[in-house]
Amino acid sequence: MDRRKQQVLKAVVEDYVDTAEPVGSRTLARKYGLGVSPATIRNEMADLEEMGFLEQPHTSAGRIPSDRGYRFFVDMLMEAVVPPPELVERLRRLYAERVDQVGRLLRQTAQVLSEATDCLALVEAPRVEPVTFRHLQVLPLSERRAVLVLVTDEGLVQQRLLELPEPASEADLQRISAALTRRLAGLTLDRVGHTVLRELYDELAACGALLEVALEALRPSASDDDHPVFVMGTRRLFRQPEFQDLERAQAVLGLVERQELVRDLLGRQGNDELVITIGHENPYPDLYDCSVVSATYRLGGEVAGRIAVLGPKRMHYPRITSLMELLAQLLTEALERSVR
């Protein structure tokens, strides 16, 4: 693609992102100072359409970028955008405080992403395996139900509902909590050997049935709550012109409501620092009108999860990618502080 065609394609993408209206040659000549006549721009746009970089909606003489056009823009033409200093400062203050609950920090990140991009925000809980126990506590809910609160060395807080085989006093639950923390702190589940278990059963001989329930609850579960993805911004996404069609909006909403599909979507992004998937590059047909921009965040130097925005292909890629990189860095720093 020669330089003039690149300039025309870049201008079409930028104008369509701003206006959500198909772009004509006269608009480009008037607004972007390309130094050539509308007729020349029209010819270049026709060539770009023939090459597969632009499309012409049947209802308009203007053109819009194709998936291939957006991809070329993102890979070859996109210029870095520095986030406004006031936004950077506000975000740094927001993430400066130590956060005791990682879940709260992840929800905060999803909220910030959604507000700043007007897109759907997806924030994946850390993938940290195996879990290293730091503190365990069993709290009563009713006579026959309790909740096991597990805090890991990575700073994650998990809760497991316990159905008790018999009524338990608060004193019994406190004894179990203290013994579990004392014996298991610093261990992963696969390192809890027979010696540790025997010591636990000896210490808690009078609470053997309750102890078995608690230990069983520590085993890995396949439930969504063990590895959630926080999703925010549905209303913001559906304010976009592309999602005014109810059927299209419901298809996207139906997908993101299924946690296993959202985790699969983010899992396909791999461990690259920043990934942009556009239109038909997405794995699900319901997302063919969408783009997903995701970035990794780290815990202990290793990739722990991804943050992402899902929005129309007509999104402001330079601004969103710069924000994603900043938030991934701030989230990494905040997580590292939270587990010290």
# chains A, B, ... in the order shown; residues from 1 in each chain; ligands from 1
$ residues_around --residues "Asp67 (chain A)" --least-positions-apart "2" --cutoff "7 Å" --atoms "only C-alpha atoms" --output "list of chain:residue names"
A:Pro65, A:Gly69, A:Tyr70, A:Arg71, A:Ile278, A:Gly279
$ residues_around --residues "Val147 (chain A)" --least-positions-apart "2" --cutoff "6 Å" --atoms "only C-alpha atoms" --output "list of chain:residue names"
A:Val138, A:Leu139, A:Arg160, A:Leu161, A:Leu162
$ closest_residue --among "A:Glu333, A:Glu21, A:Glu212, A:Asp286" --to "Glu247 (chain A)" --atoms "only C-alpha atoms"
A:Asp286
$ atom_distance --atom1 "CA of Val303 (chain A)" --atom2 "CA of Val157 (chain A)"
18.9 Å
$ residues_around --residues "Arg236 (chain A)" --least-positions-apart "4" --cutoff "10 Å" --atoms "only C-alpha atoms" --output "number ranges by chain"
A: 114-115, 117-121, 232, 240, 311
$ write_last_selection --atoms "C-alpha atoms" --output "PDB file, in the first residue's frame"
ATOM      1  CA  SER A 114     -15.797   0.747  31.564  1.00  0.00           C
ATOM      2  CA  GLU A 115     -16.144   4.406  32.523  1.00  0.00           C
ATOM      3  CA  THR A 117     -13.792   3.581  27.399  1.00  0.00           C
ATOM      4  CA  ASP A 118     -17.618   3.391  27.205  1.00  0.00           C
ATOM      5  CA  CYS A 119     -17.116  -0.290  26.478  1.00  0.00           C
ATOM      6  CA  LEU A 120     -17.712  -3.520  28.327  1.00  0.00           C
ATOM      7  CA  ALA A 121     -14.916  -4.213  30.810  1.00  0.00           C
ATOM      8  CA  MET A 232     -19.012  -4.157  34.038  1.00  0.00           C
ATOM      9  CA  GLN A 240     -23.121   2.587  21.193  1.00  0.00           C
ATOM     10  CA  GLY A 311     -16.674  -2.896  22.217  1.00  0.00           C
TER      11      GLY A 311
END
$ residues_around --residues "region 264-266 of chain A" --least-positions-apart "6" --cutoff "10 Å" --atoms "only C-alpha atoms" --output "PDB file with N, CA, C and O atoms, in the first residue's frame"
ATOM      1  N   LEU A 122     -13.863  -6.370  31.085  1.00  0.00           N
ATOM      2  CA  LEU A 122     -13.705  -7.746  31.555  1.00  0.00           C
ATOM      3  C   LEU A 122     -12.395  -7.822  32.332  1.00  0.00           C
ATOM      4  O   LEU A 122     -11.330  -7.520  31.788  1.00  0.00           O
ATOM      5  N   VAL A 123     -12.464  -8.222  33.574  1.00  0.00           N
ATOM      6  CA  VAL A 123     -11.253  -8.329  34.394  1.00  0.00           C
ATOM      7  C   VAL A 123     -11.209  -9.720  34.998  1.00  0.00           C
ATOM      8  O   VAL A 123     -12.078 -10.104  35.788  1.00  0.00           O
ATOM      9  N   GLU A 124     -10.196 -10.462  34.617  1.00  0.00           N
ATOM     10  CA  GLU A 124     -10.052 -11.864  35.027  1.00  0.00           C
ATOM     11  C   GLU A 124      -9.340 -11.955  36.365  1.00  0.00           C
ATOM     12  O   GLU A 124      -8.305 -11.314  36.586  1.00  0.00           O
ATOM     13  N   VAL A 229     -14.576 -13.820  36.294  1.00  0.00           N
ATOM     14  CA  VAL A 229     -14.254 -12.668  35.467  1.00  0.00           C
ATOM     15  C   VAL A 229     -15.267 -11.588  35.821  1.00  0.00           C
ATOM     16  O   VAL A 229     -16.476 -11.804  35.721  1.00  0.00           O
ATOM     17  N   VAL A 256     -21.510 -12.839  27.185  1.00  0.00           N
ATOM     18  CA  VAL A 256     -20.696 -12.369  28.317  1.00  0.00           C
ATOM     19  C   VAL A 256     -21.299 -12.767  29.656  1.00  0.00           C
ATOM     20  O   VAL A 256     -20.608 -12.717  30.680  1.00  0.00           O
ATOM     21  N   VAL A 275      -3.051  -7.542  23.318  1.00  0.00           N
ATOM     22  CA  VAL A 275      -3.625  -8.264  22.184  1.00  0.00           C
ATOM     23  C   VAL A 275      -4.891  -7.538  21.733  1.00  0.00           C
ATOM     24  O   VAL A 275      -5.720  -7.145  22.566  1.00  0.00           O
ATOM     25  N   ASN A 282     -12.316 -12.850  16.227  1.00  0.00           N
ATOM     26  CA  ASN A 282     -12.851 -13.359  17.492  1.00  0.00           C
ATOM     27  C   ASN A 282     -13.399 -14.766  17.303  1.00  0.00           C
ATOM     28  O   ASN A 282     -13.873 -15.117  16.221  1.00  0.00           O
ATOM     29  N   PRO A 283     -13.371 -15.582  18.362  1.00  0.00           N
ATOM     30  CA  PRO A 283     -13.730 -16.997  18.210  1.00  0.00           C
ATOM     31  C   PRO A 283     -15.227 -17.265  18.132  1.00  0.00           C
ATOM     32  O   PRO A 283     -15.620 -18.352  17.732  1.00  0.00           O
ATOM     33  N   TYR A 284     -16.063 -16.281  18.512  1.00  0.00           N
ATOM     34  CA  TYR A 284     -17.502 -16.516  18.548  1.00  0.00           C
ATOM     35  C   TYR A 284     -18.210 -15.618  17.534  1.00  0.00           C
ATOM     36  O   TYR A 284     -17.960 -14.401  17.498  1.00  0.00           O
ATOM     37  N   VAL A 292     -11.907  -6.809  20.731  1.00  0.00           N
ATOM     38  CA  VAL A 292     -11.494  -7.034  22.116  1.00  0.00           C
ATOM     39  C   VAL A 292     -10.046  -6.594  22.247  1.00  0.00           C
ATOM     40  O   VAL A 292      -9.182  -7.040  21.486  1.00  0.00           O
ATOM     41  N   VAL A 293      -9.786  -5.690  23.185  1.00  0.00           N
ATOM     42  CA  VAL A 293      -8.428  -5.253  23.489  1.00  0.00           C
ATOM     43  C   VAL A 293      -8.108  -5.734  24.903  1.00  0.00           C
ATOM     44  O   VAL A 293      -8.848  -5.429  25.839  1.00  0.00           O
ATOM     45  N   SER A 294      -7.045  -6.506  25.046  1.00  0.00           N
ATOM     46  CA  SER A 294      -6.722  -7.053  26.365  1.00  0.00           C
ATOM     47  C   SER A 294      -5.242  -6.896  26.665  1.00  0.00           C
ATOM     48  O   SER A 294      -4.407  -6.818  25.756  1.00  0.00           O
ATOM     49  N   ALA A 295      -4.943  -6.844  27.951  1.00  0.00           N
ATOM     50  CA  ALA A 295      -3.557  -6.707  28.415  1.00  0.00           C
ATOM     51  C   ALA A 295      -3.360  -7.612  29.624  1.00  0.00           C
ATOM     52  O   ALA A 295      -4.309  -7.882  30.376  1.00  0.00           O
ATOM     53  N   GLY A 305      -3.337 -12.846  34.953  1.00  0.00           N
ATOM     54  CA  GLY A 305      -4.641 -12.745  34.320  1.00  0.00           C
ATOM     55  C   GLY A 305      -4.638 -11.632  33.295  1.00  0.00           C
ATOM     56  O   GLY A 305      -3.593 -11.037  32.992  1.00  0.00           O
ATOM     57  N   ARG A 306      -5.820 -11.347  32.761  1.00  0.00           N
ATOM     58  CA  ARG A 306      -5.955 -10.322  31.729  1.00  0.00           C
ATOM     59  C   ARG A 306      -7.067  -9.348  32.120  1.00  0.00           C
ATOM     60  O   ARG A 306      -8.040  -9.720  32.770  1.00  0.00           O
ATOM     61  N   ILE A 307      -6.869  -8.103  31.706  1.00  0.00           N
ATOM     62  CA  ILE A 307      -7.951  -7.125  31.718  1.00  0.00           C
ATOM     63  C   ILE A 307      -8.282  -6.840  30.260  1.00  0.00           C
ATOM     64  O   ILE A 307      -7.410  -6.902  29.390  1.00  0.00           O
ATOM     65  N   ALA A 308      -9.556  -6.560  29.979  1.00  0.00           N
ATOM     66  CA  ALA A 308      -9.950  -6.397  28.578  1.00  0.00           C
ATOM     67  C   ALA A 308     -11.131  -5.450  28.472  1.00  0.00           C
ATOM     68  O   ALA A 308     -11.890  -5.253  29.419  1.00  0.00           O
TER      69      ALA A 308
END
$ select_by_dssp --residues "region 239-291 of chain A" --states "strand (DSSP E)" --output "mmCIF file with all heavy atoms, in the first residue's frame"
data_model
loop_
_atom_site.group_PDB
_atom_site.id
_atom_site.type_symbol
_atom_site.label_atom_id
_atom_site.label_comp_id
_atom_site.auth_asym_id
_atom_site.auth_seq_id
_atom_site.Cartn_x
_atom_site.Cartn_y
_atom_site.Cartn_z
ATOM 1 N N LEU A 274 -0.115 -7.214 25.149
ATOM 2 C CA LEU A 274 -1.274 -6.509 24.620
ATOM 3 C C LEU A 274 -1.756 -7.238 23.377
ATOM 4 O O LEU A 274 -0.961 -7.536 22.478
ATOM 5 C CB LEU A 274 -0.924 -5.059 24.276
ATOM 6 C CG LEU A 274 -2.088 -4.178 23.819
ATOM 7 C CD1 LEU A 274 -2.973 -3.802 25.000
ATOM 8 C CD2 LEU A 274 -1.573 -2.919 23.131
ATOM 9 N N VAL A 275 -3.051 -7.542 23.318
ATOM 10 C CA VAL A 275 -3.625 -8.264 22.184
ATOM 11 C C VAL A 275 -4.891 -7.538 21.733
ATOM 12 O O VAL A 275 -5.720 -7.145 22.566
ATOM 13 C CB VAL A 275 -3.967 -9.722 22.554
ATOM 14 C CG1 VAL A 275 -4.623 -10.428 21.367
ATOM 15 C CG2 VAL A 275 -2.714 -10.476 22.984
ATOM 16 N N ILE A 276 -5.034 -7.364 20.427
ATOM 17 C CA ILE A 276 -6.235 -6.768 19.846
ATOM 18 C C ILE A 276 -6.811 -7.761 18.852
ATOM 19 O O ILE A 276 -6.126 -8.166 17.906
ATOM 20 C CB ILE A 276 -5.921 -5.435 19.135
ATOM 21 C CG1 ILE A 276 -5.288 -4.443 20.107
ATOM 22 C CG2 ILE A 276 -7.187 -4.851 18.517
ATOM 23 C CD1 ILE A 276 -4.796 -3.158 19.452
ATOM 24 N N THR A 277 -8.042 -8.192 19.076
ATOM 25 C CA THR A 277 -8.724 -9.058 18.113
ATOM 26 C C THR A 277 -9.902 -8.289 17.538
ATOM 27 O O THR A 277 -10.659 -7.648 18.274
ATOM 28 C CB THR A 277 -9.214 -10.369 18.750
ATOM 29 O OG1 THR A 277 -10.067 -10.069 19.858
ATOM 30 C CG2 THR A 277 -8.042 -11.194 19.249
ATOM 31 N N ILE A 278 -10.049 -8.351 16.224
ATOM 32 C CA ILE A 278 -10.984 -7.488 15.505
ATOM 33 C C ILE A 278 -11.964 -8.336 14.697
ATOM 34 O O ILE A 278 -11.559 -9.188 13.906
ATOM 35 C CB ILE A 278 -10.221 -6.540 14.557
ATOM 36 C CG1 ILE A 278 -9.273 -5.643 15.350
ATOM 37 C CG2 ILE A 278 -11.196 -5.698 13.731
ATOM 38 C CD1 ILE A 278 -8.296 -4.860 14.486
ATOM 39 N N CYS A 290 -17.537 -6.960 16.896
ATOM 40 C CA CYS A 290 -16.852 -6.396 18.067
ATOM 41 C C CYS A 290 -15.334 -6.502 17.928
ATOM 42 O O CYS A 290 -14.813 -7.279 17.128
ATOM 43 C CB CYS A 290 -17.267 -7.131 19.343
ATOM 44 S SG CYS A 290 -19.039 -7.124 19.670
ATOM 45 N N SER A 291 -14.660 -5.728 18.739
ATOM 46 C CA SER A 291 -13.225 -5.894 18.946
ATOM 47 C C SER A 291 -12.971 -6.094 20.430
ATOM 48 O O SER A 291 -13.733 -5.604 21.276
ATOM 49 C CB SER A 291 -12.441 -4.672 18.448
ATOM 50 O OG SER A 291 -12.411 -4.637 17.045
#
$ closest_residue --among "A:Thr195, A:Ser142, A:Gln56, A:Thr40" --to "Pro22 (chain A)" --atoms "only C-alpha atoms"
A:Gln56
$ select_by_dssp --residues "region 45-207 of chain A" --states "alpha helix (DSSP H)" --output "PyMOL selection string"
chain A and resi 45-50+67-72+85-96+102-117+170-184+194-203
$ residues_around --residues "Met51 (chain A)" --least-positions-apart "3" --cutoff "10 Å" --atoms "only C-alpha atoms" --output "ChimeraX atom specification"
/A:1,45-48,54-55,68-69
$ closest_residue --among "A:Thr234, A:Tyr297, A:Leu105, A:Leu255" --to "Asp272 (chain A)" --atoms "only C-alpha atoms"
A:Tyr297
$ closest_residue --among "A:Arg183, A:Arg145, A:Arg319, A:Lys31" --to "Pro165 (chain A)" --atoms "only C-alpha atoms"
A:Arg145
$ residues_around --residues "Pro57 (chain A)" --least-positions-apart "5" --cutoff "12 Å" --atoms "only C-alpha atoms" --output "PDB file with all heavy atoms, in the first residue's frame"
ATOM      1  N   GLU A  21     -20.496   7.423  11.134  1.00  0.00           N
ATOM      2  CA  GLU A  21     -21.152   7.595   9.846  1.00  0.00           C
ATOM      3  C   GLU A  21     -20.196   7.226   8.719  1.00  0.00           C
ATOM      4  O   GLU A  21     -18.994   7.539   8.791  1.00  0.00           O
ATOM      5  CB  GLU A  21     -21.587   9.053   9.654  1.00  0.00           C
ATOM      6  CG  GLU A  21     -22.643   9.525  10.644  1.00  0.00           C
ATOM      7  CD  GLU A  21     -24.002   8.888  10.400  1.00  0.00           C
ATOM      8  OE1 GLU A  21     -24.220   8.386   9.273  1.00  0.00           O
ATOM      9  OE2 GLU A  21     -24.835   8.886  11.327  1.00  0.00           O
ATOM     10  N   PRO A  22     -20.684   6.552   7.675  1.00  0.00           N
ATOM     11  CA  PRO A  22     -19.819   6.254   6.526  1.00  0.00           C
ATOM     12  C   PRO A  22     -19.155   7.524   6.005  1.00  0.00           C
ATOM     13  O   PRO A  22     -19.742   8.612   6.031  1.00  0.00           O
ATOM     14  CB  PRO A  22     -20.793   5.656   5.501  1.00  0.00           C
ATOM     15  CG  PRO A  22     -21.895   5.075   6.338  1.00  0.00           C
ATOM     16  CD  PRO A  22     -22.047   6.009   7.503  1.00  0.00           C
ATOM     17  N   VAL A  23     -17.934   7.383   5.551  1.00  0.00           N
ATOM     18  CA  VAL A  23     -17.090   8.528   5.223  1.00  0.00           C
ATOM     19  C   VAL A  23     -17.025   8.704   3.707  1.00  0.00           C
ATOM     20  O   VAL A  23     -16.760   7.742   2.972  1.00  0.00           O
ATOM     21  CB  VAL A  23     -15.668   8.333   5.790  1.00  0.00           C
ATOM     22  CG1 VAL A  23     -14.827   9.583   5.546  1.00  0.00           C
ATOM     23  CG2 VAL A  23     -15.739   8.008   7.277  1.00  0.00           C
ATOM     24  N   GLY A  24     -17.242   9.930   3.242  1.00  0.00           N
ATOM     25  CA  GLY A  24     -17.158  10.243   1.823  1.00  0.00           C
ATOM     26  C   GLY A  24     -15.885  10.992   1.473  1.00  0.00           C
ATOM     27  O   GLY A  24     -15.191  11.529   2.345  1.00  0.00           O
ATOM     28  N   GLU A  49     -11.192  -0.232  -1.368  1.00  0.00           N
ATOM     29  CA  GLU A  49     -12.317  -1.163  -1.273  1.00  0.00           C
ATOM     30  C   GLU A  49     -12.026  -2.435  -2.061  1.00  0.00           C
ATOM     31  O   GLU A  49     -12.279  -3.549  -1.591  1.00  0.00           O
ATOM     32  CB  GLU A  49     -13.585  -0.506  -1.797  1.00  0.00           C
ATOM     33  CG  GLU A  49     -14.811  -1.393  -1.674  1.00  0.00           C
ATOM     34  CD  GLU A  49     -16.062  -0.725  -2.191  1.00  0.00           C
ATOM     35  OE1 GLU A  49     -15.991   0.441  -2.621  1.00  0.00           O
ATOM     36  OE2 GLU A  49     -17.128  -1.375  -2.174  1.00  0.00           O
ATOM     37  N   GLY A  62     -20.828   6.620   1.189  1.00  0.00           N
ATOM     38  CA  GLY A  62     -19.587   6.641   1.943  1.00  0.00           C
ATOM     39  C   GLY A  62     -19.077   5.241   2.217  1.00  0.00           C
ATOM     40  O   GLY A  62     -19.724   4.238   1.933  1.00  0.00           O
ATOM     41  N   ARG A  63     -17.901   5.175   2.812  1.00  0.00           N
ATOM     42  CA  ARG A  63     -17.273   3.885   3.096  1.00  0.00           C
ATOM     43  C   ARG A  63     -16.884   3.803   4.562  1.00  0.00           C
ATOM     44  O   ARG A  63     -16.686   4.816   5.238  1.00  0.00           O
ATOM     45  CB  ARG A  63     -16.057   3.667   2.193  1.00  0.00           C
ATOM     46  CG  ARG A  63     -16.442   3.425   0.734  1.00  0.00           C
ATOM     47  CD  ARG A  63     -15.212   3.394  -0.147  1.00  0.00           C
ATOM     48  NE  ARG A  63     -15.512   3.008  -1.522  1.00  0.00           N
ATOM     49  CZ  ARG A  63     -15.953   3.852  -2.463  1.00  0.00           C
ATOM     50  NH1 ARG A  63     -16.155   5.122  -2.147  1.00  0.00           N
ATOM     51  NH2 ARG A  63     -16.180   3.425  -3.686  1.00  0.00           N
ATOM     52  N   ILE A  64     -16.745   2.562   5.014  1.00  0.00           N
ATOM     53  CA  ILE A  64     -16.319   2.292   6.387  1.00  0.00           C
ATOM     54  C   ILE A  64     -15.168   1.295   6.342  1.00  0.00           C
ATOM     55  O   ILE A  64     -15.019   0.561   5.351  1.00  0.00           O
ATOM     56  CB  ILE A  64     -17.475   1.742   7.247  1.00  0.00           C
ATOM     57  CG1 ILE A  64     -17.921   0.362   6.737  1.00  0.00           C
ATOM     58  CG2 ILE A  64     -18.643   2.725   7.264  1.00  0.00           C
ATOM     59  CD1 ILE A  64     -18.968  -0.311   7.616  1.00  0.00           C
ATOM     60  N   PRO A  65     -14.367   1.225   7.409  1.00  0.00           N
ATOM     61  CA  PRO A  65     -13.260   0.248   7.414  1.00  0.00           C
ATOM     62  C   PRO A  65     -13.793  -1.183   7.495  1.00  0.00           C
ATOM     63  O   PRO A  65     -14.790  -1.459   8.165  1.00  0.00           O
ATOM     64  CB  PRO A  65     -12.464   0.611   8.676  1.00  0.00           C
ATOM     65  CG  PRO A  65     -12.931   1.984   9.056  1.00  0.00           C
ATOM     66  CD  PRO A  65     -14.349   2.089   8.603  1.00  0.00           C
ATOM     67  N   SER A  66     -13.122  -2.091   6.828  1.00  0.00           N
ATOM     68  CA  SER A  66     -13.375  -3.524   6.991  1.00  0.00           C
ATOM     69  C   SER A  66     -12.527  -4.049   8.139  1.00  0.00           C
ATOM     70  O   SER A  66     -11.684  -3.325   8.700  1.00  0.00           O
ATOM     71  CB  SER A  66     -13.019  -4.268   5.703  1.00  0.00           C
ATOM     72  OG  SER A  66     -11.614  -4.165   5.466  1.00  0.00           O
TER      73      SER A  66
END
$ residues_around --residues "region 83-99 of chain A" --least-positions-apart "5" --cutoff "9 Å" --atoms "only C-alpha atoms" --output "list of chain:residue names"
A:Arg104, A:Leu105, A:Val112, A:Arg319, A:Ser322, A:Leu323, A:Leu326, A:Leu327, A:Leu330, A:Leu331, A:Glu333, A:Ala334, A:Leu335, A:Arg337, A:Ser338
$ atom_distance --atom1 "CA of Glu163 (chain A)" --atom2 "CA of Arg144 (chain A)"
6.2 Å
